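Participant: What follows is run.pdb; its format and atoms are PDB, C-alpha atoms.
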MODEL        1
ATOM      1  CA  MET A   1     -44.837  26.920 -82.460
ATOM      2  CA  SER A   2     -45.804  24.259 -79.924
ATOM      3  CA  LEU A   3     -43.373  21.385 -79.486
ATOM      4  CA  LYS A   4     -45.984  19.201 -77.791
ATOM      5  CA  THR A   5     -47.660  16.644 -80.029
ATOM      6  CA  PRO A   6     -50.980  14.902 -79.479
ATOM      7  CA  ASN A   7     -50.957  11.509 -77.836
ATOM      8  CA  THR A   8     -51.353   8.896 -80.558
ATOM      9  CA  GLU A   9     -49.066   6.006 -79.582
ATOM     10  CA  SER A  10     -48.083   5.969 -75.900
ATOM     11  CA  SER A  11     -49.731   5.641 -72.517
ATOM     12  CA  GLU A  12     -46.377   4.869 -70.927
ATOM     13  CA  GLN A  13     -45.080   6.990 -68.076
ATOM     14  CA  VAL A  14     -41.512   8.181 -68.580
ATOM     15  CA  GLU A  15     -39.188  10.584 -66.843
ATOM     16  CA  VAL A  16     -36.265  12.779 -67.879
ATOM     17  CA  GLN A  17     -33.754  13.548 -65.139
ATOM     18  CA  LEU A  18     -31.046  16.170 -64.804
ATOM     19  CA  LEU A  19     -28.038  14.538 -63.158
ATOM     20  CA  GLU A  20     -25.628  16.102 -60.692
ATOM     21  CA  PRO A  21     -22.248  16.304 -62.501
ATOM     22  CA  THR A  22     -20.006  14.654 -59.898
ATOM     23  CA  LEU A  23     -22.144  11.977 -58.288
ATOM     24  CA  GLY A  24     -24.550  11.364 -61.166
ATOM     25  CA  SER A  25     -27.592  11.421 -58.902
ATOM     26  CA  PRO A  26     -30.803  13.111 -60.081
ATOM     27  CA  ILE A  27     -31.209  16.729 -58.993
ATOM     28  CA  LYS A  28     -34.344  17.475 -60.998
ATOM     29  CA  ASN A  29     -36.885  15.347 -62.832
ATOM     30  CA  TRP A  30     -39.661  15.864 -65.342
ATOM     31  CA  PRO A  31     -42.317  13.098 -65.371
ATOM     32  CA  PHE A  32     -44.481  12.561 -68.457
ATOM     33  CA  LYS A  33     -47.448  10.301 -69.123
ATOM     34  CA  GLY A  34     -48.927   9.719 -72.537
ATOM     35  CA  GLU A  35     -46.492  11.954 -74.436
ATOM     36  CA  THR A  36     -45.169  10.884 -77.822
ATOM     37  CA  GLN A  37     -42.567  13.650 -78.081
ATOM     38  CA  ILE A  38     -40.573  15.447 -75.371
ATOM     39  CA  SER A  39     -38.602  18.553 -76.292
ATOM     40  CA  ILE A  40     -35.394  19.392 -74.399
ATOM     41  CA  GLY A  41     -33.656  22.751 -74.543
ATOM     42  CA  ARG A  42     -33.244  26.268 -73.235
ATOM     43  CA  GLY A  43     -36.385  27.645 -74.935
ATOM     44  CA  ASP A  44     -39.504  28.660 -73.030
ATOM     45  CA  ASP A  45     -41.628  26.239 -75.060
ATOM     46  CA  CYS A  46     -39.467  23.169 -74.260
ATOM     47  CA  MET A  47     -41.064  20.541 -72.065
ATOM     48  CA  VAL A  48     -37.700  19.954 -70.351
ATOM     49  CA  GLN A  49     -36.180  23.398 -69.947
ATOM     50  CA  ILE A  50     -32.463  23.526 -69.123
ATOM     51  CA  LEU A  51     -31.060  27.010 -68.561
ATOM     52  CA  ASP A  52     -27.426  26.406 -69.473
ATOM     53  CA  SER A  53     -25.266  28.315 -71.961
ATOM     54  CA  HIS A  54     -24.138  25.028 -73.585
ATOM     55  CA  VAL A  55     -27.739  24.052 -74.346
ATOM     56  CA  SER A  56     -29.489  25.217 -77.524
ATOM     57  CA  ARG A  57     -33.037  26.631 -77.514
ATOM     58  CA  LEU A  58     -34.201  23.296 -78.915
ATOM     59  CA  HIS A  59     -31.339  20.918 -78.236
ATOM     60  CA  ALA A  60     -32.915  17.461 -78.483
ATOM     61  CA  VAL A  61     -36.169  15.587 -78.795
ATOM     62  CA  LEU A  62     -37.212  12.270 -77.327
ATOM     63  CA  LYS A  63     -39.791  10.802 -79.678
ATOM     64  CA  ILE A  64     -41.669   7.530 -79.674
ATOM     65  CA  HIS A  65     -41.433   5.772 -83.004
ATOM     66  CA  GLY A  66     -42.529   2.220 -83.719
ATOM     67  CA  GLY A  67     -42.981   1.469 -80.032
ATOM     68  CA  GLU A  68     -39.502   2.633 -78.981
ATOM     69  CA  TRP A  69     -38.090   5.945 -77.846
ATOM     70  CA  LEU A  70     -35.605   7.752 -80.080
ATOM     71  CA  LEU A  71     -33.234  10.485 -78.948
ATOM     72  CA  ILE A  72     -32.764  13.027 -81.740
ATOM     73  CA  SER A  73     -30.029  15.659 -81.581
ATOM     74  CA  LEU A  74     -31.036  19.104 -82.853
ATOM     75  CA  GLY A  75     -28.645  21.429 -81.000
ATOM     76  CA  ARG A  76     -25.543  23.183 -82.240
ATOM     77  CA  ASN A  77     -23.322  21.379 -79.693
ATOM     78  CA  GLY A  78     -24.824  17.950 -80.366
ATOM     79  CA  VAL A  79     -25.804  15.148 -78.023
ATOM     80  CA  LEU A  80     -23.334  12.610 -76.666
ATOM     81  CA  VAL A  81     -24.167   9.052 -75.643
ATOM     82  CA  GLU A  82     -21.310   7.152 -73.997
ATOM     83  CA  GLY A  83     -18.902   9.874 -75.182
ATOM     84  CA  ARG A  84     -19.951   9.629 -78.857
ATOM     85  CA  THR A  85     -21.852  12.308 -80.737
ATOM     86  CA  ILE A  86     -25.132  10.982 -82.122
ATOM     87  CA  SER A  87     -27.704  12.348 -84.522
ATOM     88  CA  GLU A  88     -30.458   9.849 -83.694
ATOM     89  CA  GLN A  89     -30.401   6.821 -81.450
ATOM     90  CA  PRO A  90     -32.914   4.488 -79.777
ATOM     91  CA  VAL A  91     -32.926   4.837 -75.986
ATOM     92  CA  SER A  92     -34.240   2.583 -73.270
ATOM     93  CA  SER A  93     -34.831   3.131 -69.581
ATOM     94  CA  GLY A  94     -31.651   4.180 -67.791
ATOM     95  CA  ALA A  95     -29.992   5.704 -70.872
ATOM     96  CA  LYS A  96     -27.731   8.657 -70.048
ATOM     97  CA  PHE A  97     -26.896  11.404 -72.531
ATOM     98  CA  GLN A  98     -25.038  14.697 -72.431
ATOM     99  CA  LEU A  99     -26.219  17.907 -74.074
ATOM    100  CA  GLY A 100     -22.984  18.884 -75.823
ATOM    101  CA  PRO A 101     -19.440  18.093 -74.675
ATOM    102  CA  LEU A 102     -19.612  20.693 -71.870
ATOM    103  CA  GLY A 103     -23.348  20.608 -71.167
ATOM    104  CA  PRO A 104     -25.387  18.833 -68.511
ATOM    105  CA  THR A 105     -25.956  15.093 -68.335
ATOM    106  CA  MET A 106     -29.501  13.770 -68.526
ATOM    107  CA  LYS A 107     -31.087  10.368 -67.947
ATOM    108  CA  PHE A 108     -34.157   8.859 -69.609
ATOM    109  CA  CYS A 109     -36.214   6.529 -67.394
ATOM    110  CA  SER A 110     -39.283   4.442 -67.891
ATOM    111  CA  ALA A 111     -41.310   5.275 -64.803
ATOM    112  CA  ALA A 112     -43.701   2.341 -65.022
ATOM    113  CA  GLU A 113     -43.006   1.292 -61.427
ATOM    114  CA  PRO A 114     -43.630   3.720 -58.586
ATOM    115  CA  LYS A 115     -40.454   4.675 -56.722
ATOM    116  CA  PRO A 116     -40.104   4.450 -52.966
ATOM    117  CA  ASP A 117     -40.217   7.853 -51.250
ATOM    118  CA  TYR A 118     -36.482   7.755 -50.496
ATOM    119  CA  LEU A 119     -35.675   7.622 -54.239
ATOM    120  CA  GLN A 120     -37.759  10.665 -55.170
ATOM    121  CA  THR A 121     -35.931  13.782 -56.277
ATOM    122  CA  LEU A 122     -35.576  16.323 -53.507
ATOM    123  CA  CYS A 123     -36.856  19.746 -54.554
ATOM    124  CA  PHE A 124     -36.462  22.876 -52.500
ATOM    125  CA  ASP A 125     -36.254  26.633 -52.939
ATOM    126  CA  PRO A 126     -32.752  27.726 -51.835
ATOM    127  CA  ASP A 127     -33.872  31.375 -51.689
ATOM    128  CA  ALA A 128     -36.351  30.503 -48.949
ATOM    129  CA  MET A 129     -33.652  28.817 -46.863
ATOM    130  CA  PRO A 130     -31.274  31.021 -44.844
ATOM    131  CA  PHE A 131     -27.586  30.182 -45.197
ATOM    132  CA  PHE A 132     -27.072  30.671 -41.472
ATOM    133  CA  VAL A 133     -28.951  31.826 -38.427
ATOM    134  CA  LEU A 134     -27.196  34.148 -36.028
ATOM    135  CA  ASP A 135     -27.577  33.371 -32.317
ATOM    136  CA  GLU A 136     -27.710  36.911 -30.879
ATOM    137  CA  SER A 137     -27.174  35.913 -27.235
ATOM    138  CA  LYS A 138     -24.165  33.750 -28.073
ATOM    139  CA  LEU A 139     -22.726  36.583 -30.161
ATOM    140  CA  ARG A 140     -23.077  39.081 -27.262
ATOM    141  CA  ASN A 141     -21.463  36.637 -24.824
ATOM    142  CA  GLU A 142     -18.505  35.958 -27.127
ATOM    143  CA  VAL A 143     -17.949  39.666 -27.868
ATOM    144  CA  THR A 144     -18.029  40.454 -24.129
ATOM    145  CA  GLU A 145     -15.541  37.650 -23.443
ATOM    146  CA  ILE A 146     -13.144  38.805 -26.172
ATOM    147  CA  ALA A 147     -13.380  42.477 -25.138
ATOM    148  CA  SER A 148     -12.548  41.673 -21.526
ATOM    149  CA  GLU A 149      -9.386  39.676 -22.318
ATOM    150  CA  ASP A 150      -5.968  41.196 -21.680
ATOM    151  CA  PHE A 151      -4.788  40.945 -25.314
ATOM    152  CA  PHE A 152      -7.783  42.907 -26.573
ATOM    153  CA  GLN A 153      -7.320  45.556 -23.871
ATOM    154  CA  LYS A 154      -3.636  45.984 -24.880
ATOM    155  CA  LEU A 155      -4.664  46.176 -28.556
ATOM    156  CA  GLN A 156      -7.189  48.924 -27.815
ATOM    157  CA  GLN A 157      -4.562  50.860 -25.826
ATOM    158  CA  LYS A 158      -2.090  50.574 -28.740
ATOM    159  CA  ALA A 159      -4.758  51.868 -31.179
ATOM    160  CA  GLN A 160      -5.436  54.875 -28.921
ATOM    161  CA  ASP A 161      -1.702  55.628 -28.684
ATOM    162  CA  LEU A 162      -1.371  55.529 -32.489
ATOM    163  CA  ARG A 163      -4.357  57.885 -32.909
ATOM    164  CA  ARG A 164      -2.815  60.375 -30.471
ATOM    165  CA  GLN A 165       0.524  60.274 -32.340
ATOM    166  CA  ARG A 166      -1.220  60.893 -35.628
ATOM    167  CA  GLU A 167      -3.115  63.887 -34.198
ATOM    168  CA  ARG A 168       0.145  65.621 -33.132
TER     169      ARG A 168
ENDMDL
END
Using the file provided, produce a representation of the structure as structure tokens.

Facilitator:
Amino acid sequence: MSLKTPNTESSEQVEVQLLEPTLGSPIKNWPFKGETQISIGRGDDCMVQILDSHVSRLHAVLKIHGGEWLLISLGRNGVLVEGRTISEQPVSSGAKFQLGPLGPTMKFCSAAEPKPDYLQTLCFDPDAMPFFVLDESKLRNEVTEIASEDFFQKLQQKAQDLRRQRER
């Protein structure tokens, strides 16, 4: 079953954003142009796919009706707008909603105006980025320095003495 419907009413460009939980800034966005219905959920056929255990396969739908966008709750955990559970509610640009009481927070935006580059969502592949890079020469220098210090020499001597006692 396809959740995408043919374009019959809208040429408007809109965007759905996934918001970072603490700061509320967008961490991912899905732009749409000419869509009359946008499906949100965990399912593979959803236009906005959110892989979260609190999100249903088909959790919500944004649908244009009579020239305005409606947010329709379809998920088991419901949709909250301003802390209240809704079944269906008109939404305008900037509207925030949460997919269930413990689920992620989303934002609906009319994207009629182009955004400056500094407001675009940053996307990157964390798997392609190393967490740290080891400086081999600095490591060798620091190990040599530690090994030559008096404390380390005494510690090595103590370890040798303990090994000899254990062997007896």

Participant: Could you work out how far CA of Glu15 (chain A) lies from CA of Gly34 (chain A), giving the answer in Å with one decimal?

Facilitator: 11.3 Å

Participant: Do you know which residues are at most 9 Å from Ile72 (chain A) counting all atoms listed in the file, after dropping those on the same chain fewer than 3 positions away, and could you put them as an MDAnalysis selection string?

Facilitator: chainID A and resid 59:63 79 86:90

Participant: Residues near Leu51 (chain A), anyone? I mean within 10 Å using all atoms listed in the file, not counting same-chain ones fewer than 5 positions away, as a list in words.

Facilitator: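 Neighbouring residues, sequence-local ones excluded: Gly41, Arg42, Gly43, Asp44, Ser56, Arg57 and Pro104 of chain A.
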
Participant: Which is closest to Lys107 (chain A) among A:Asn77, A:Gln13, A:Thr22, A:Asn29, if we use only C-alpha atoms?

Facilitator: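 The answer is A:Asn29, which sits nearest to Lys107 (chain A).
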
Participant: Give me the residues within 9 Å of Gly100 (chain A) as a PyMOL selection string, counting all atoms listed in the file and dropping any in the same chain fewer than 6 places off.

Facilitator: chain A and resi 54-55+59+75-80+85

Participant: Rounded to one decimal, what separation in Å do you get between CA of Trp69 (chain A) and CA of Ser92 (chain A)?

Facilitator: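 According to the coordinates, CA of Trp69 (chain A) and CA of Ser92 (chain A) are separated by 6.9 Å.
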
Participant: For the atom pair CA of Arg163 (chain A) and CA of Leu139 (chain A), what is the interatomic distance in Å to one decimal place?

Facilitator: 28.3 Å

Participant: Would you please work out which residue, of A:Gly66, A:Gly103, A:Gly83, A:Gly94, is nearest to Val14 (chain A) when using all atoms listed in the file?

Facilitator: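 Once distances to Val14 (chain A) are computed over all atoms listed in the file, the minimum belongs to A:Gly94.
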
Participant: For Gln98 (chain A), which residue among A:Ile40, A:Val143, A:Arg164, A:Gly67 is the nearest when counting all atoms listed in the file?

Facilitator: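 Counting all atoms listed in the file, the residue closest to Gln98 (chain A) is A:Ile40.
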
Participant: Name the closest residue to Glu68 (chain A) among the candidates A:Trp30, A:Ser110, A:Arg84, A:Ile50; distances are taken between atoms, counting all atoms listed in the file.

Facilitator: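 Using all atoms listed in the file, the shortest distance to Glu68 (chain A) belongs to A:Ser110.
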